[in-house]
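Have a look at the structure below before the remarks.
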Amino acid sequence: VCINNRIATEDSRLSPSPNAEDAATNRKEYKHMPETLITVDLEESPHTNDKIHNRWHPDIPIVEWVEPGADFIVEAYDWTGSQIKNDDDAADVRDVELPQVHYLSGPIGVKGAEPGDLLVVDLLDVGPLNRSLWGFNGVFSKNNGGGFLTEHFPEAQKTIWDFEGMYTSSRHVPDVHFAGLIHPGLIGTLPSHEMLKTWNSREKVLYDTNPARVPALAELPNTQSAHMGRMTGDARDAAAAEAARTLPPRENGGNCDIKDLSRGSKIWFPVNVDGGGLSMGDTHFSQGDGEITFCGGIEMASWLHVKVNLIKDGVAKYGVKNPMFKPSPTTPNYDDYIIFEGVSVDCQGKQHYLDTTEAYRQACLNAITYMTKFGYSREQALAILGTAPVQGHISGVVDYPNACATLWLPTDIFKNDMMPCADGPTKYLDGSVKVPVAPDL
Ligand code: ZN
């Protein structure tokens, strides 16, 4: 009886008060869902949405102003603006119109932000849109985008990944299942006019060293499919002609494709224009280090819950040139790996001098060859490196002439045992499941 009484007492304390006035007071203490400042309609072209843009330019108007300390939600298109479909045909990846990328949500202005401040961004949470619980991983044709391993994989390919809560798997890649490390591939602030001029001139110098190269050495300003947000008329056309493409990461952050810049991270961005002008998109459900498939990690339409703050004059105070960030306190827990080494000697046997890119390429190719021994096609193995939480490390940059890079393949994403043993590898897959490939026409 005593025990029952005690429970009854505690229960009554925990249950809602029958008094209506008390209940109303209690309700006021609940924090409401933050306001969604930008929404996207996946059935409509991003060009119909004036809170979206796909170029960097200081004159792109701020679409929403918030106070320092505010938290809010923005929705974002996938980076291609819904050009890639959830089907088993890679023709859309082959034929993708790349001047359209990346569609970004913003720019959002923070009241009081001035050049020289640091914009502090808490990525409170990120997720896929409930109305679109899937994503894609693609490899571009060598003649339309190319990529890190384009000499080895010159044809377009695509895998579709379905989301089940925090997990993902693909009907095109059997026996692989892992938790997402969700992150915006692209987040950054508007450049100043001076910064834009610097970007354009240095990238043109590089481009001009080999203008005929396919893929190009740099993507110069291009008015085709430029979306300049709320700009109109002659001002819009003039800005589009000089606006920076969103492809490379730069001093404003931008397309860094850092998988660890995930939900729960805190980022410090240099402010270059009044208000800062924060934009984001290119969200990935997951991605391997290097985003070696280029199109890309697991690309998806998303929502991002963000909080902003300022450190006045923070650029000088902390000596900041590029953004810095603090990673998430919660990440998928994969701690067992097979680690593949690579050194800077290319596939033709040519010696390169401390070339970490070549070393990482070799480590990736070693991992791909290894996975084929268990029955994965080369296309499936490549898709795994692009999507799963694989780590890439620069291991040595001084032991000339060879740089050493490593590719860390998590073993726990596989249903089957992928470790070497005395009996040799087991071919778990019979090759009946294929990755959609679309050869050039
Ligand atoms: Zn991406």
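Following the order of the structure tokens, chains are lettered A, B, ..., residues in each are numbered from 1, and ligands are numbered from 1.
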
- Which residues, written as a ChimeraX atom specification, have at least one atom at most 7 Å from stretch 131-144 of chain A, with only C-alpha atoms counted and residues fewer than 4 positions away on the same chain left out? /A:93-94,150,154-163,214-215,293-301,383

What does the file look like for those residues with C-alpha atoms, as a PDB file, in the first residue's frame?
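Wrote out-v9.pdb, looks like this:
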ATOM      1  CA  VAL A  93      23.891  11.693 -64.660  1.00  0.00           C
ATOM      2  CA  ARG A  94      25.524  11.461 -68.091  1.00  0.00           C
ATOM      3  CA  THR A 150      37.809   9.422 -64.574  1.00  0.00           C
ATOM      4  CA  PRO A 154      35.092   7.277 -67.944  1.00  0.00           C
ATOM      5  CA  GLU A 155      31.372   6.398 -68.166  1.00  0.00           C
ATOM      6  CA  ALA A 156      28.485   7.849 -66.170  1.00  0.00           C
ATOM      7  CA  GLN A 157      27.074   5.632 -63.426  1.00  0.00           C
ATOM      8  CA  LYS A 158      24.447   6.008 -60.693  1.00  0.00           C
ATOM      9  CA  THR A 159      23.403   4.259 -57.480  1.00  0.00           C
ATOM     10  CA  ILE A 160      20.251   5.070 -55.516  1.00  0.00           C
ATOM     11  CA  TRP A 161      20.327   5.001 -51.712  1.00  0.00           C
ATOM     12  CA  ASP A 162      17.208   4.644 -49.558  1.00  0.00           C
ATOM     13  CA  PHE A 163      17.016   6.153 -46.072  1.00  0.00           C
ATOM     14  CA  VAL A 214      38.735  18.019 -70.673  1.00  0.00           C
ATOM     15  CA  PRO A 215      37.606  18.338 -67.942  1.00  0.00           C
ATOM     16  CA  THR A 293      32.890   9.985 -57.073  1.00  0.00           C
ATOM     17  CA  PHE A 294      32.323  13.769 -57.542  1.00  0.00           C
ATOM     18  CA  CYS A 295      28.531  13.306 -58.076  1.00  0.00           C
ATOM     19  CA  GLY A 296      28.973  13.082 -55.156  1.00  0.00           C
ATOM     20  CA  GLY A 297      28.412  11.586 -51.677  1.00  0.00           C
ATOM     21  CA  ILE A 298      24.811  10.491 -51.195  1.00  0.00           C
ATOM     22  CA  GLU A 299      23.162  13.632 -52.591  1.00  0.00           C
ATOM     23  CA  MET A 300      19.770  14.620 -51.237  1.00  0.00           C
ATOM     24  CA  ALA A 301      17.221  17.359 -50.698  1.00  0.00           C
ATOM     25  CA  ALA A 383      30.179   3.723 -55.181  1.00  0.00           C
TER      26      ALA A 383
END

- Can you tell me, as a PyMOL selection string, what residues are no more than 9 Å from A:Lys434 when counting only C-alpha atoms, ignoring any on the same chain fewer than 2 positions away? chain A and resi 172-173+377+379-380+431-432+436-437

- Using only C-alpha atoms: which of A:Asn402, A:Asp355, A:Ile292, A:Leu206 has the shortest distance to A:Phe153: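 Ranked by minimum distance to A:Phe153, first place goes to A:Ile292.
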
- Please, what distance in Å, to one decimal, runs between atom CA of A:Gly116 and atom CA of A:Ile267? 15.6 Å

- Residue list (helix (DSSP H, G or I), DSSP) for stretch 116-348 of chain A, as number ranges by chain: A: 193-208, 233-242, 314-318

- Protein and nucleic acid residues within 12 Å of ligand 1 (only C-alpha atoms and all ligand atoms) as a PyMOL selection string: chain A and resi 77-81+101-104+135-139+182-187+246-248+254-259+280-288+290-302+386-387

- Task: Kindly indicate which residue among A:Phe148, A:Phe269, A:Phe178, A:Trp56 lies nearest to A:Gly106, using only C-alpha atoms for the distances.
- Result: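 Checking each of A:Phe148, A:Phe269, A:Phe178, A:Trp56 against A:Gly106, counting only C-alpha atoms, the winner is A:Trp56.
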
Within 7 Å of A:Val271 using only C-alpha atoms, minus same-chain residues under 5 positions, as a compact mmCIF listing (two decimals) with C-alpha atoms, in the first residue's frame:
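The resulting file, result_30.txt, is shown below:
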# COMPACT_ATOMS: atom_id res chain seq x y z
CA GLU A 114 30.36 43.54 -40.78
CA PRO A 115 33.47 42.61 -42.78
CA GLY A 116 36.15 41.40 -40.38
CA ASP A 117 33.67 39.72 -38.01
CA LEU A 118 33.42 35.99 -37.58
CA LEU A 119 30.03 34.46 -38.27
CA THR A 189 29.39 33.41 -46.89
CA GLY A 276 27.56 38.01 -43.88

- Selection near stretch 227-229 of chain A, 9 Å with only C-alpha atoms, sequence-local residues under 5 positions removed, as an MDAnalysis selection string: chainID A and resid 46:47 49:57 59:63 100 103 106:107 236:237 239:240 243

- Name the residues of stretch 202-382 of chain A that fall into strand (DSSP E) according to DSSP on the backbone, using the chain letters and numbers of this document, as a PyMOL selection string. chain A and resi 249-250+253-254+266-270+276-284+294-299+302-311+324-326+337-343

Write the residues you've just listed into a file as an mmCIF file, in the first residue's frame, and include C-alpha atoms for each of them.
data_model
loop_
_atom_site.group_PDB
_atom_site.id
_atom_site.type_symbol
_atom_site.label_atom_id
_atom_site.label_comp_id
_atom_site.auth_asym_id
_atom_site.auth_seq_id
_atom_site.Cartn_x
_atom_site.Cartn_y
_atom_site.Cartn_z
ATOM 1 C CA PRO A 249 36.057 25.601 -51.937
ATOM 2 C CA ARG A 250 37.517 29.048 -51.298
ATOM 3 C CA GLY A 253 34.108 28.132 -47.200
ATOM 4 C CA GLY A 254 31.810 27.011 -49.990
ATOM 5 C CA LYS A 266 30.107 24.650 -35.005
ATOM 6 C CA ILE A 267 31.726 26.681 -37.794
ATOM 7 C CA TRP A 268 33.456 30.070 -37.816
ATOM 8 C CA PHE A 269 33.250 31.922 -41.134
ATOM 9 C CA PRO A 270 35.002 35.161 -42.067
ATOM 10 C CA GLY A 276 27.565 38.011 -43.879
ATOM 11 C CA GLY A 277 25.209 36.404 -46.387
ATOM 12 C CA LEU A 278 25.162 32.758 -45.309
ATOM 13 C CA SER A 279 24.132 30.182 -47.926
ATOM 14 C CA MET A 280 24.100 26.401 -47.875
ATOM 15 C CA GLY A 281 23.170 23.299 -49.814
ATOM 16 C CA ASP A 282 24.666 20.214 -51.499
ATOM 17 C CA THR A 283 23.641 18.145 -48.490
ATOM 18 C CA HIS A 284 24.946 14.594 -48.219
ATOM 19 C CA PHE A 294 32.323 13.769 -57.542
ATOM 20 C CA CYS A 295 28.531 13.306 -58.076
ATOM 21 C CA GLY A 296 28.973 13.082 -55.156
ATOM 22 C CA GLY A 297 28.412 11.586 -51.677
ATOM 23 C CA ILE A 298 24.811 10.491 -51.195
ATOM 24 C CA GLU A 299 23.162 13.632 -52.591
ATOM 25 C CA SER A 302 17.364 18.442 -47.073
ATOM 26 C CA TRP A 303 16.480 20.677 -44.154
ATOM 27 C CA LEU A 304 19.088 22.354 -41.976
ATOM 28 C CA HIS A 305 18.484 23.727 -38.471
ATOM 29 C CA VAL A 306 21.019 26.468 -37.937
ATOM 30 C CA LYS A 307 21.895 28.978 -35.215
ATOM 31 C CA VAL A 308 23.975 32.081 -35.919
ATOM 32 C CA ASN A 309 26.091 34.369 -33.788
ATOM 33 C CA LEU A 310 28.879 36.892 -34.227
ATOM 34 C CA ILE A 311 32.372 37.457 -32.907
ATOM 35 C CA MET A 324 37.412 26.726 -38.975
ATOM 36 C CA PHE A 325 35.040 24.298 -37.313
ATOM 37 C CA LYS A 326 34.493 22.108 -34.285
ATOM 38 C CA TYR A 337 39.017 -0.707 -40.800
ATOM 39 C CA ILE A 338 41.053 -2.292 -43.534
ATOM 40 C CA ILE A 339 43.512 0.461 -44.422
ATOM 41 C CA PHE A 340 44.925 0.635 -47.935
ATOM 42 C CA GLU A 341 48.199 2.420 -48.579
ATOM 43 C CA GLY A 342 49.045 4.340 -51.745
ATOM 44 C CA VAL A 343 52.199 6.147 -52.867
#

- Using only C-alpha atoms, find the one residue out of A:Lys321, A:Thr223, A:Gly275, A:Pro34 that sits nearest to A:Val110. A:Gly275
